[in-house]
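Have a look at query.txt below; it lists compact mmCIF, C-alpha atoms.
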```
# COMPACT_ATOMS: atom_id res chain seq x y z
CA CYS A 1 0.00 0.00 0.00
CA ILE A 2 2.80 2.44 0.86
CA ALA A 3 4.50 1.75 -2.47
CA LEU A 4 1.27 2.48 -4.34
CA LEU A 5 0.83 5.78 -2.50
CA ALA A 6 4.45 6.73 -3.26
CA CYS A 7 3.88 6.07 -7.00
CA GLY A 8 0.98 8.46 -7.07
CA TRP A 9 -1.84 5.88 -6.73
CA PRO A 10 -4.81 7.77 -5.37
CA ASN A 11 -5.89 6.81 -1.90
CA ASN A 12 -9.53 6.62 -2.86
CA LYS A 13 -11.50 3.35 -2.77
CA LYS A 14 -13.89 4.55 -5.47
CA TYR A 15 -11.17 4.38 -8.14
CA ARG A 16 -10.31 0.76 -7.32
CA TRP A 17 -13.96 -0.29 -7.36
CA SER A 18 -14.62 1.46 -10.65
CA ASP A 19 -11.69 -0.43 -12.23
CA ALA A 20 -13.01 -3.72 -10.89
CA LYS A 21 -16.51 -2.85 -12.08
CA THR A 22 -15.16 -2.13 -15.58
CA LEU A 23 -13.35 -5.48 -15.68
CA PHE A 24 -16.39 -7.38 -14.42
CA GLN A 25 -18.62 -5.66 -16.97
CA TYR A 26 -16.18 -6.58 -19.77
CA GLY A 27 -16.35 -10.21 -18.69
CA LEU A 28 -20.14 -10.17 -18.53
CA ASP A 29 -20.43 -8.52 -21.95
CA HIS A 30 -18.00 -10.75 -23.85
CA TYR A 31 -18.04 -14.15 -22.11
CA HIS A 32 -21.04 -16.45 -21.82
CA LEU A 33 -21.70 -19.80 -20.24
CA TYR A 34 -21.68 -22.34 -23.07
CA GLU A 35 -23.54 -25.60 -22.64
CA GLY A 36 -22.93 -28.40 -25.08
CA ALA A 37 -26.07 -29.57 -26.82
CA LYS A 38 -27.49 -32.96 -25.93
CA SER A 39 -28.01 -33.61 -29.64
CA ALA A 40 -24.23 -33.36 -30.14
CA LEU A 41 -23.83 -36.42 -27.92
CA GLU A 42 -26.06 -38.55 -30.12
CA MET A 43 -24.06 -40.77 -32.42
CA PRO A 44 -25.25 -42.56 -35.55
CA PRO A 45 -24.96 -46.35 -35.48
CA MET A 46 -21.73 -47.90 -36.71
CA GLU A 47 -21.67 -50.74 -39.23
CA ILE A 48 -19.53 -53.73 -38.32
CA GLY A 49 -18.81 -56.40 -40.91
CA SER A 50 -18.60 -60.15 -40.22
CA ALA A 51 -20.76 -59.74 -37.12
CA TYR A 52 -24.09 -61.10 -35.92
CA ARG A 53 -26.51 -60.71 -33.03
CA ASN A 54 -28.47 -63.93 -33.51
CA ALA A 55 -26.96 -66.81 -35.43
CA ARG A 56 -29.37 -66.87 -38.41
CA LEU A 57 -28.56 -67.40 -42.04
CA SER A 58 -30.43 -64.20 -42.93
CA GLU A 59 -27.65 -62.26 -41.17
CA TRP A 60 -24.86 -64.06 -43.00
CA GLY A 61 -22.71 -61.70 -45.09
CA LYS A 62 -24.51 -58.55 -43.94
CA ARG A 63 -23.18 -55.69 -41.90
CA VAL A 64 -24.65 -55.26 -38.45
CA LYS A 65 -25.36 -51.75 -37.17
CA VAL A 66 -24.33 -51.22 -33.57
CA PRO A 67 -25.79 -48.22 -31.72
CA LEU A 68 -23.26 -45.90 -30.11
CA TYR A 69 -23.47 -43.65 -27.08
CA VAL A 70 -21.19 -41.12 -25.44
CA ASP A 71 -20.18 -42.00 -21.92
CA HIS A 72 -20.28 -38.60 -20.22
CA GLY A 73 -20.41 -38.13 -16.50
CA ALA A 74 -21.08 -34.43 -16.11
CA GLN A 75 -22.72 -31.58 -17.93
CA MET A 76 -20.51 -29.82 -20.48
CA THR A 77 -20.44 -26.21 -19.36
CA PHE A 78 -17.63 -23.72 -19.73
CA LEU A 79 -17.04 -20.03 -20.41
CA LYS A 80 -16.79 -19.10 -24.07
CA ALA A 81 -15.84 -15.74 -25.50
CA ASP A 82 -17.95 -14.29 -28.30
CA TRP A 83 -15.04 -14.54 -30.75
CA ASP A 84 -14.09 -18.15 -29.91
CA GLU A 85 -15.30 -21.01 -32.09
CA ALA A 86 -16.60 -24.18 -30.44
CA GLU A 87 -16.18 -27.44 -32.32
CA MET A 88 -16.73 -31.13 -31.74
CA ILE A 89 -14.11 -33.62 -32.96
CA ARG A 90 -14.97 -37.31 -33.24
CA SER A 91 -12.15 -39.80 -33.61
CA PHE A 92 -12.14 -43.56 -33.69
CA SER A 93 -8.96 -45.15 -32.40
CA LYS A 94 -8.85 -48.11 -34.77
CA MET A 95 -10.87 -50.06 -37.28
CA VAL A 96 -13.62 -51.76 -35.34
CA LYS A 97 -13.93 -55.50 -35.85
CA ALA A 98 -16.25 -58.06 -34.32
CA PRO A 99 -16.61 -59.22 -31.58
CA VAL A 100 -17.72 -56.08 -29.75
CA GLU A 101 -19.01 -56.14 -26.19
CA LYS A 102 -21.57 -53.69 -24.86
CA GLY A 103 -19.72 -50.74 -23.32
CA ASP A 104 -16.48 -51.25 -25.27
CA LYS A 105 -14.64 -48.02 -26.07
CA LEU A 106 -14.67 -47.46 -29.83
CA GLY A 107 -13.38 -43.89 -29.95
CA THR A 108 -13.49 -40.46 -28.36
CA VAL A 109 -15.34 -37.20 -28.85
CA SER A 110 -13.62 -33.94 -27.86
CA TYR A 111 -15.13 -30.51 -27.40
CA CYS A 112 -12.69 -27.72 -28.23
CA VAL A 113 -12.96 -23.96 -27.83
CA GLY A 114 -10.47 -21.81 -29.68
CA GLY A 115 -8.30 -24.85 -30.39
CA GLN A 116 -8.10 -25.85 -26.72
CA GLU A 117 -9.64 -29.14 -25.66
CA MET A 118 -12.21 -28.62 -22.91
CA TYR A 119 -13.82 -32.07 -22.53
CA THR A 120 -13.10 -35.55 -23.85
CA TYR A 121 -15.57 -38.40 -23.57
CA ASP A 122 -15.54 -42.03 -24.70
CA ILE A 123 -17.71 -43.33 -27.55
CA CYS A 124 -18.99 -46.75 -26.48
CA ALA A 125 -20.90 -49.60 -28.09
CA GLY A 126 -24.56 -49.88 -27.10
CA GLU A 127 -24.93 -53.59 -27.93
CA SER A 128 -22.80 -56.69 -28.12
CA VAL A 129 -22.18 -58.48 -31.42
CA LEU A 130 -20.30 -61.68 -32.14
CA ARG A 131 -18.01 -62.59 -35.02
CA TRP A 132 -19.03 -65.11 -37.63
CA ASN A 133 -16.96 -68.27 -37.59
CA PHE A 134 -17.46 -71.81 -38.81
CA ALA A 135 -19.16 -72.96 -35.58
CA ALA A 136 -21.62 -70.03 -35.69
CA PHE A 137 -22.40 -70.76 -39.33
CA LEU A 138 -23.11 -74.44 -38.55
CA ARG A 139 -25.32 -73.37 -35.62
CA ALA A 140 -27.28 -71.03 -37.90
CA LEU A 141 -27.62 -73.73 -40.53
CA TRP A 142 -28.83 -76.23 -37.94
CA THR A 143 -31.39 -73.73 -36.62
CA GLU A 144 -32.73 -73.10 -40.14
CA LEU A 145 -32.99 -76.83 -40.91
CA THR A 146 -34.82 -77.70 -37.70
CA LEU A 147 -37.44 -75.00 -38.12
```

As structure tokens, what does this structure read like?
Amino acid sequence: CIALLACGWPNNKKYRWSDAKTLFQYGLDHYHLYEGAKSALEMPPMEIGSAYRNARLSEWGKRVKVPLYVDHGAQMTFLKADWDEAEMIRSFSKMVKAPVEKGDKLGTVSYCVGGQEMYTYDICAGESVLRWNFAAFLRALWTELTL
């Protein structure tokens, strides 16, 4: 305090509060609470080849669509400036092959503001699918013949 008075800083509390008020007003005018949309967390189903849910010959050679969901624990809220761009980046870590268990991590989704990553969540499988093999094919053939 003594150093500020020696430099010519006025000893008036009104000046300090007006500076703080100006800074607060700047923050209120230019920054807003950004909430990620729930629709952004909805993922289209992913096709997986050589997979089946029920061993039936009608599923042989077809791609099975597995529903996806984003495993997020909290609400996505953060401060965003008016000039910052918010974007969502989806990435899948590898080529997905059967078998896939329900809840397996298939990729990630990141929410970035101004190039800085704010949140990252896992993209998970909503259903389990098995991989076609010779035993599954024989089981499907046996089921078709006995019906």

Padded axis-aligned box of segment 85-94 of chain A (6 Å per side), centre and edge lengths, Å, one decimal, as lines of an AutoDock Vina configuration file:
```
center_x = -12.8
center_y = -34.6
center_z = -32.6
size_x = 19.9
size_y = 39.1
size_z = 16.3
```

Check your understanding: So which residues touch segment 122-124 of chain A within 9 Å, counting all atoms listed in the file, skipping near sequence neighbours fewer than 6 positions away, as a count of residues only?
Key -> 19

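Distance-wise, atom CA of Ala140 of chain A and atom CA of Tyr52 of chain A end up 10.6 Å apart.
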
| request: Name the residues within 10 Å of (-21.1, -48.6, -39.9), counting all atoms listed in the file in the file's coordinates, and put them as number ranges by chain. | output: A: 44-49, 63-67, 96

List the spatial neighbours of Ala98 of chain A as a ChimeraX atom specification - criterion: any atom at most 6 Å away, only C-alpha atoms, same-chain residues fewer than 5 positions off excluded. /A:51,130-131

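Nearest to Phe137 of chain A of all the residues A:Ser50, A:Arg56, A:Gly27, A:Lys21 is A:Arg56, based on only C-alpha atoms.
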
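Using all atoms listed in the file, the smallest distance between any of A:Trp60, A:Trp17, A:Tyr31, A:Phe24 and Asn133 of chain A comes from A:Trp60.
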
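Here atom CA of Gly115 of chain A and atom CA of Ala86 of chain A stand 8.3 Å from one another.
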
Save segment 1-132 of chain A to a file: C-alpha atoms, as a JSON list (two decimals), in the first residue's frame.
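Done, and the output landed in selection-v3.json:
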```json
[["chain", "number", "residue", "atom", "x", "y", "z"],
["A", 1, "CYS", "CA", 0.00, 0.00, 0.00],
["A", 2, "ILE", "CA", 2.80, 2.44, 0.86],
["A", 3, "ALA", "CA", 4.50, 1.75, -2.47],
["A", 4, "LEU", "CA", 1.27, 2.48, -4.34],
["A", 5, "LEU", "CA", 0.83, 5.78, -2.50],
["A", 6, "ALA", "CA", 4.45, 6.73, -3.26],
["A", 7, "CYS", "CA", 3.88, 6.07, -7.00],
["A", 8, "GLY", "CA", 0.98, 8.46, -7.07],
["A", 9, "TRP", "CA", -1.84, 5.88, -6.73],
["A", 10, "PRO", "CA", -4.81, 7.77, -5.37],
["A", 11, "ASN", "CA", -5.89, 6.81, -1.90],
["A", 12, "ASN", "CA", -9.53, 6.62, -2.86],
["A", 13, "LYS", "CA", -11.50, 3.35, -2.77],
["A", 14, "LYS", "CA", -13.89, 4.55, -5.47],
["A", 15, "TYR", "CA", -11.17, 4.38, -8.14],
["A", 16, "ARG", "CA", -10.31, 0.76, -7.32],
["A", 17, "TRP", "CA", -13.96, -0.29, -7.36],
["A", 18, "SER", "CA", -14.62, 1.46, -10.65],
["A", 19, "ASP", "CA", -11.69, -0.43, -12.23],
["A", 20, "ALA", "CA", -13.01, -3.72, -10.89],
["A", 21, "LYS", "CA", -16.51, -2.85, -12.08],
["A", 22, "THR", "CA", -15.16, -2.13, -15.58],
["A", 23, "LEU", "CA", -13.35, -5.48, -15.68],
["A", 24, "PHE", "CA", -16.39, -7.38, -14.42],
["A", 25, "GLN", "CA", -18.62, -5.66, -16.97],
["A", 26, "TYR", "CA", -16.18, -6.58, -19.77],
["A", 27, "GLY", "CA", -16.35, -10.21, -18.69],
["A", 28, "LEU", "CA", -20.14, -10.17, -18.53],
["A", 29, "ASP", "CA", -20.43, -8.52, -21.95],
["A", 30, "HIS", "CA", -18.00, -10.75, -23.85],
["A", 31, "TYR", "CA", -18.04, -14.15, -22.11],
["A", 32, "HIS", "CA", -21.04, -16.45, -21.82],
["A", 33, "LEU", "CA", -21.70, -19.80, -20.24],
["A", 34, "TYR", "CA", -21.68, -22.34, -23.07],
["A", 35, "GLU", "CA", -23.54, -25.60, -22.64],
["A", 36, "GLY", "CA", -22.93, -28.40, -25.08],
["A", 37, "ALA", "CA", -26.07, -29.57, -26.82],
["A", 38, "LYS", "CA", -27.49, -32.96, -25.93],
["A", 39, "SER", "CA", -28.01, -33.61, -29.64],
["A", 40, "ALA", "CA", -24.23, -33.36, -30.14],
["A", 41, "LEU", "CA", -23.83, -36.42, -27.92],
["A", 42, "GLU", "CA", -26.06, -38.55, -30.12],
["A", 43, "MET", "CA", -24.06, -40.77, -32.42],
["A", 44, "PRO", "CA", -25.25, -42.56, -35.55],
["A", 45, "PRO", "CA", -24.96, -46.35, -35.48],
["A", 46, "MET", "CA", -21.73, -47.90, -36.71],
["A", 47, "GLU", "CA", -21.67, -50.74, -39.23],
["A", 48, "ILE", "CA", -19.53, -53.73, -38.32],
["A", 49, "GLY", "CA", -18.81, -56.40, -40.91],
["A", 50, "SER", "CA", -18.60, -60.15, -40.22],
["A", 51, "ALA", "CA", -20.76, -59.74, -37.12],
["A", 52, "TYR", "CA", -24.09, -61.10, -35.92],
["A", 53, "ARG", "CA", -26.51, -60.71, -33.03],
["A", 54, "ASN", "CA", -28.47, -63.93, -33.51],
["A", 55, "ALA", "CA", -26.96, -66.81, -35.43],
["A", 56, "ARG", "CA", -29.37, -66.87, -38.41],
["A", 57, "LEU", "CA", -28.56, -67.40, -42.04],
["A", 58, "SER", "CA", -30.43, -64.20, -42.93],
["A", 59, "GLU", "CA", -27.65, -62.26, -41.17],
["A", 60, "TRP", "CA", -24.86, -64.06, -43.00],
["A", 61, "GLY", "CA", -22.71, -61.70, -45.09],
["A", 62, "LYS", "CA", -24.51, -58.55, -43.94],
["A", 63, "ARG", "CA", -23.18, -55.69, -41.90],
["A", 64, "VAL", "CA", -24.65, -55.26, -38.45],
["A", 65, "LYS", "CA", -25.36, -51.75, -37.17],
["A", 66, "VAL", "CA", -24.33, -51.22, -33.57],
["A", 67, "PRO", "CA", -25.79, -48.22, -31.72],
["A", 68, "LEU", "CA", -23.26, -45.90, -30.11],
["A", 69, "TYR", "CA", -23.47, -43.65, -27.08],
["A", 70, "VAL", "CA", -21.19, -41.12, -25.44],
["A", 71, "ASP", "CA", -20.18, -42.00, -21.92],
["A", 72, "HIS", "CA", -20.28, -38.60, -20.22],
["A", 73, "GLY", "CA", -20.41, -38.13, -16.50],
["A", 74, "ALA", "CA", -21.08, -34.43, -16.11],
["A", 75, "GLN", "CA", -22.72, -31.58, -17.93],
["A", 76, "MET", "CA", -20.51, -29.82, -20.48],
["A", 77, "THR", "CA", -20.44, -26.21, -19.36],
["A", 78, "PHE", "CA", -17.63, -23.72, -19.73],
["A", 79, "LEU", "CA", -17.04, -20.03, -20.41],
["A", 80, "LYS", "CA", -16.79, -19.10, -24.07],
["A", 81, "ALA", "CA", -15.84, -15.74, -25.50],
["A", 82, "ASP", "CA", -17.95, -14.29, -28.30],
["A", 83, "TRP", "CA", -15.04, -14.54, -30.75],
["A", 84, "ASP", "CA", -14.09, -18.15, -29.91],
["A", 85, "GLU", "CA", -15.30, -21.01, -32.09],
["A", 86, "ALA", "CA", -16.60, -24.18, -30.44],
["A", 87, "GLU", "CA", -16.18, -27.44, -32.32],
["A", 88, "MET", "CA", -16.73, -31.13, -31.74],
["A", 89, "ILE", "CA", -14.11, -33.62, -32.96],
["A", 90, "ARG", "CA", -14.97, -37.31, -33.24],
["A", 91, "SER", "CA", -12.15, -39.80, -33.61],
["A", 92, "PHE", "CA", -12.14, -43.56, -33.69],
["A", 93, "SER", "CA", -8.96, -45.15, -32.40],
["A", 94, "LYS", "CA", -8.85, -48.11, -34.77],
["A", 95, "MET", "CA", -10.87, -50.06, -37.28],
["A", 96, "VAL", "CA", -13.62, -51.76, -35.34],
["A", 97, "LYS", "CA", -13.93, -55.50, -35.85],
["A", 98, "ALA", "CA", -16.25, -58.06, -34.32],
["A", 99, "PRO", "CA", -16.61, -59.22, -31.58],
["A", 100, "VAL", "CA", -17.72, -56.08, -29.75],
["A", 101, "GLU", "CA", -19.01, -56.14, -26.19],
["A", 102, "LYS", "CA", -21.57, -53.69, -24.86],
["A", 103, "GLY", "CA", -19.72, -50.74, -23.32],
["A", 104, "ASP", "CA", -16.48, -51.25, -25.27],
["A", 105, "LYS", "CA", -14.64, -48.02, -26.07],
["A", 106, "LEU", "CA", -14.67, -47.46, -29.83],
["A", 107, "GLY", "CA", -13.38, -43.89, -29.95],
["A", 108, "THR", "CA", -13.49, -40.46, -28.36],
["A", 109, "VAL", "CA", -15.34, -37.20, -28.85],
["A", 110, "SER", "CA", -13.62, -33.94, -27.86],
["A", 111, "TYR", "CA", -15.13, -30.51, -27.40],
["A", 112, "CYS", "CA", -12.69, -27.72, -28.23],
["A", 113, "VAL", "CA", -12.96, -23.96, -27.83],
["A", 114, "GLY", "CA", -10.47, -21.81, -29.68],
["A", 115, "GLY", "CA", -8.30, -24.85, -30.39],
["A", 116, "GLN", "CA", -8.10, -25.85, -26.72],
["A", 117, "GLU", "CA", -9.64, -29.14, -25.66],
["A", 118, "MET", "CA", -12.21, -28.62, -22.91],
["A", 119, "TYR", "CA", -13.82, -32.07, -22.53],
["A", 120, "THR", "CA", -13.10, -35.55, -23.85],
["A", 121, "TYR", "CA", -15.57, -38.40, -23.57],
["A", 122, "ASP", "CA", -15.54, -42.03, -24.70],
["A", 123, "ILE", "CA", -17.71, -43.33, -27.55],
["A", 124, "CYS", "CA", -18.99, -46.75, -26.48],
["A", 125, "ALA", "CA", -20.90, -49.60, -28.09],
["A", 126, "GLY", "CA", -24.56, -49.88, -27.10],
["A", 127, "GLU", "CA", -24.93, -53.59, -27.93],
["A", 128, "SER", "CA", -22.80, -56.69, -28.12],
["A", 129, "VAL", "CA", -22.18, -58.48, -31.42],
["A", 130, "LEU", "CA", -20.30, -61.68, -32.14],
["A", 131, "ARG", "CA", -18.01, -62.59, -35.02],
["A", 132, "TRP", "CA", -19.03, -65.11, -37.63]]
```
